[in-house]
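Engineer: Following this line is input-v3.txt, made up of compact mmCIF, C-alpha atoms:
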```txt
# COMPACT_ATOMS: atom_id res chain seq x y z
CA MET X 222 105.16 68.37 128.71
CA ALA X 223 105.16 69.18 124.99
CA LEU X 224 108.31 70.67 123.53
CA VAL X 225 106.36 72.79 121.03
CA LYS X 226 103.55 74.71 122.72
CA ALA X 227 101.81 76.36 119.75
CA GLY X 228 102.24 77.23 116.12
CA VAL X 229 101.22 80.03 113.85
CA VAL X 230 101.01 80.34 110.06
CA VAL X 231 103.17 83.25 108.88
CA LEU X 232 102.63 84.98 105.54
CA ASP X 233 105.46 87.06 104.09
CA CYS X 234 104.35 90.33 102.50
CA ALA X 235 105.55 93.86 101.81
CA GLU X 236 103.03 95.55 104.14
CA PRO X 237 102.18 93.35 107.15
CA GLU X 238 100.05 96.02 108.82
CA GLN X 239 97.74 96.28 105.81
CA LEU X 240 97.45 92.53 105.34
CA ALA X 241 96.70 92.09 109.04
CA VAL X 242 93.74 94.48 108.68
CA PHE X 243 92.30 92.33 105.86
CA TYR X 244 92.46 89.14 107.92
CA LYS X 245 91.38 90.86 111.17
CA GLU X 246 88.17 91.94 109.45
CA LEU X 247 87.64 88.61 107.66
CA LEU X 248 88.20 86.49 110.79
CA GLU X 249 86.83 88.99 113.32
CA ALA X 250 90.24 88.72 114.94
CA GLU X 251 92.26 90.72 117.43
CA GLU X 252 95.87 91.78 117.15
CA THR X 253 97.89 89.86 119.71
CA ASP X 254 101.43 91.03 118.95
CA ALA X 255 103.08 93.60 116.72
CA SER X 256 106.56 94.88 115.99
CA ALA X 257 108.10 96.89 113.18
CA ASN X 258 108.28 93.84 110.93
CA ARG X 259 105.58 91.45 112.14
CA VAL X 260 101.92 91.51 113.15
CA GLU X 261 100.12 88.55 114.73
CA ILE X 262 96.36 88.09 115.08
CA GLN X 263 93.99 85.55 116.62
CA GLY X 264 90.47 84.96 115.40
CA ALA X 265 87.44 84.37 117.60
CA GLN X 266 87.60 80.62 116.83
CA GLY X 267 91.32 80.44 117.69
CA THR X 268 92.85 80.80 114.21
CA ARG X 269 96.29 82.37 114.57
CA LEU X 270 98.07 84.12 111.70
CA ALA X 271 101.12 86.34 111.50
CA PHE X 272 102.34 88.64 108.75
CA ARG X 273 106.07 89.25 108.34
CA ARG X 274 107.62 92.12 106.40
CA ASP X 275 109.61 91.04 103.35
CA VAL X 276 110.22 93.96 101.02
CA ASN X 277 111.08 91.51 98.23
CA ALA X 278 107.99 89.32 98.72
CA THR X 279 106.55 88.00 95.47
CA PRO X 280 102.97 86.74 95.73
CA PRO X 281 102.18 83.27 94.46
CA SER X 282 100.84 83.15 90.92
CA TRP X 283 98.49 80.20 91.27
CA PRO X 284 97.30 78.58 89.06
CA ARG X 285 100.26 79.46 86.81
CA PRO X 286 103.33 77.24 87.28
CA GLU X 287 105.91 80.01 87.76
CA ASN X 288 106.16 81.11 91.40
CA SER X 289 103.50 78.50 92.07
CA LEU X 290 101.38 77.87 95.10
CA GLN X 291 103.36 76.52 98.04
CA ALA X 292 100.55 76.52 100.58
CA HIS X 293 97.17 78.12 101.10
CA LEU X 294 94.70 78.75 103.90
CA ASP X 295 91.29 77.09 104.22
CA PHE X 296 88.41 78.75 106.06
CA VAL X 297 85.07 77.04 106.72
CA VAL X 298 81.98 79.24 106.27
CA ASP X 299 78.22 78.80 106.49
CA ASP X 300 77.32 81.03 103.52
CA LEU X 301 79.70 81.19 100.55
CA ASP X 302 77.97 84.13 98.87
CA GLU X 303 78.01 86.27 102.01
CA ALA X 304 81.64 85.36 102.71
CA GLU X 305 82.61 86.22 99.13
CA ARG X 306 80.99 89.64 99.40
CA LYS X 307 83.01 90.28 102.56
CA VAL X 308 86.29 89.11 100.97
CA VAL X 309 85.80 91.31 97.91
CA GLY X 310 84.68 94.25 100.07
CA LEU X 311 87.91 93.95 102.06
CA GLY X 312 90.07 93.99 98.93
CA GLY X 313 90.43 90.27 98.17
CA ARG X 314 89.77 88.87 94.73
CA PRO X 315 88.27 85.63 93.41
CA LEU X 316 90.67 83.27 91.67
CA ASP X 317 89.68 81.46 88.51
CA THR X 318 89.22 77.95 89.82
CA LYS X 319 87.41 74.86 88.67
CA ASP X 320 84.80 73.24 90.89
CA ALA X 321 86.50 70.87 93.30
CA SER X 322 85.10 67.43 93.73
CA GLY X 323 84.40 66.24 97.22
CA PRO X 324 81.86 66.50 100.00
CA PHE X 325 81.97 70.31 100.15
CA GLU X 326 81.65 73.44 98.05
CA GLU X 327 84.66 75.72 97.84
CA ARG X 328 85.85 78.91 96.18
CA GLY X 329 89.38 80.23 95.84
CA TYR X 330 90.51 83.79 96.52
CA ALA X 331 93.64 85.88 96.83
CA ASP X 332 94.18 88.33 99.67
CA PRO X 333 95.33 91.91 98.87
CA ALA X 334 98.99 90.75 98.90
CA GLY X 335 98.28 87.82 96.55
CA HIS X 336 98.28 84.85 98.98
CA SER X 337 95.64 82.32 98.07
CA PHE X 338 92.99 80.94 100.39
CA THR X 339 89.86 78.89 100.10
CA LEU X 340 86.43 79.41 101.57
CA ARG X 341 84.57 76.15 101.86
CA ARG X 342 81.15 75.15 103.03
CA VAL X 343 80.71 71.71 104.46
CA PRO X 344 77.12 70.53 104.01
CA SER X 345 75.31 69.48 107.11
CA THR X 346 75.12 65.74 107.71
CA ALA X 347 72.17 66.12 110.09
CA PRO X 348 68.78 64.87 108.91
CA LYS X 349 66.50 67.56 107.52
CA GLN X 350 63.95 68.75 110.07
CA GLY X 351 60.33 69.48 109.16
```
Just dump the structure as structure tokens.
Structural biologist:
Amino acid sequence: MALVKAGVVVLDCAEPEQLAVFYKELLEAEETDASANRVEIQGAQGTRLAFRRDVNATPPSWPRPENSLQAHLDFVVDDLDEAERKVVGLGGRPLDTKDASGPFEERGYADPAGHSFTLRRVPSTAPKQG
């Protein structure tokens, strides 16, 4: 039997309830646990995130070196333009990023509390039909 049963990524922020709403809408998630200082959600595809209250939280300033990026979230999407419209409509903002090399397209964003995340589209490897 495994010692560690499950894990969850936790983002520190000043207003966990508000940040949870952003990610609930983006991931079509449900709230699974909440207390005065923490909210946890789980997306339809199993993604689990939690948001912990830290009144002194300072958002990362990527790509600037001070208070630099420590970690970020990656989400796979089918349509980058549609996903971007949803992110911006929910209060997220695009980050000024350079095109990444590799077998996928990606775009960087910041959530309303300033945490960075990436939306990426992995091209299909299936042969074209028709």
Engineer: Can you list, as JSON, numbers by chain, every protein, DNA or RNA residue that comes within 8 Å of X:Ala265 when you count all atoms listed in the file, leaving out same-chain residues fewer than 6 positions away?
Structural biologist: {"X": [248, 249, 250, 251]}
Engineer: Keeping C-alpha atoms for every residue in the selection just given, could you write it to a file as a tab-separated table (two decimals), keeping the file's coordinate frame?
Structural biologist:
```tsv
chain	number	residue	atom	x	y	z
X	248	LEU	CA	88.20	86.49	110.79
X	249	GLU	CA	86.83	88.99	113.32
X	250	ALA	CA	90.24	88.72	114.94
X	251	GLU	CA	92.26	90.72	117.43
```
Engineer: Taking 5 positions as the minimum chain separation for residues in the same chain, which residues sit within 10 Å of X:Ala278 when counting all atoms listed in the file? Answer as a list in words.
Structural biologist: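 Residues meeting the cut-off are Leu232, Asp233, Cys234, Ala235, Glu236, Arg273 and Ala334 of chain X.
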Engineer: With all atoms listed in the file as the basis for distance, which of X:Val309, X:Ala241, X:Val343, X:Leu301 is at the shortest distance from X:Ala331?
Structural biologist: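 Distance minimum relative to X:Ala331 lands on X:Val309.
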Engineer: Set the distance at 12 Å and use only C-alpha atoms: which residues neighbour X:Val297 once local chain neighbours fewer than 2 positions away are removed? I'd like the list as a short mmCIF file (atom, residue, chain, number, x, y, z; two decimals) with C-alpha atoms, in the coordinates of the input.
Structural biologist:
```cif
data_model
loop_
_atom_site.label_atom_id
_atom_site.label_comp_id
_atom_site.auth_asym_id
_atom_site.auth_seq_id
_atom_site.Cartn_x
_atom_site.Cartn_y
_atom_site.Cartn_z
CA LEU X 247 87.64 88.61 107.66
CA LEU X 248 88.20 86.49 110.79
CA GLN X 266 87.60 80.62 116.83
CA THR X 268 92.85 80.80 114.21
CA LEU X 294 94.70 78.75 103.90
CA ASP X 295 91.29 77.09 104.22
CA ASP X 299 78.22 78.80 106.49
CA ASP X 300 77.32 81.03 103.52
CA LEU X 301 79.70 81.19 100.55
CA ALA X 304 81.64 85.36 102.71
CA PHE X 325 81.97 70.31 100.15
CA GLU X 326 81.65 73.44 98.05
CA GLU X 327 84.66 75.72 97.84
CA ARG X 328 85.85 78.91 96.18
CA PHE X 338 92.99 80.94 100.39
CA THR X 339 89.86 78.89 100.10
CA LEU X 340 86.43 79.41 101.57
CA ARG X 341 84.57 76.15 101.86
CA ARG X 342 81.15 75.15 103.03
CA VAL X 343 80.71 71.71 104.46
CA PRO X 344 77.12 70.53 104.01
#
```
Engineer: Figure out the distance between atom CA of X:Glu305 and atom CA of X:Asn277, please, to one decimal in Å.
Structural biologist: 29.0 Å
Engineer: In Å, how far is it from atom CA of X:Tyr244 to atom CA of X:Glu303?
Structural biologist: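 So the answer is 15.9 Å.
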Engineer: Counting all atoms listed in the file, figure out which residue out of X:Val229, X:Leu316, X:Ala257, X:Val308 gets nearest to X:Asp275.
Structural biologist: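 For X:Asp275, the nearest of the candidates is X:Ala257.
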Engineer: Excluding same-chain residues fewer than 6 positions from X:Asp254, what lies within 12 Å of it counting all atoms listed in the file, as a PyMOL selection string?
Structural biologist: chain X and resi 238+241+260-263+269-273
Engineer: Of the residues X:Gly228, X:Asp332, X:Ser256, X:Arg306, which is the one nearest to X:Pro280, using only C-alpha atoms?
Structural biologist: X:Asp332
Engineer: How many Å separate atom CA of X:Leu311 from atom CA of X:Phe243?
Structural biologist: 6.0 Å
Engineer: Go through X:Thr253, X:Pro281, X:Phe296, X:Asn258 and flag the residue nearest X:Pro333, using all atoms listed in the file for the distances.
Structural biologist: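 Closest residue, counting all atoms listed in the file: X:Pro281.
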Engineer: Padding 8 Å on each side, edges along x, y and z: where is the centre of the box around the listed atoms of stretch 322-341 of chain X, and how long are its edges in Å to one decimal? Output it as lines of an AutoDock Vina configuration file.
Structural biologist:
```
center_x = 90.3
center_y = 79.1
center_z = 97.8
size_x = 33.3
size_y = 41.7
size_z = 24.1
```
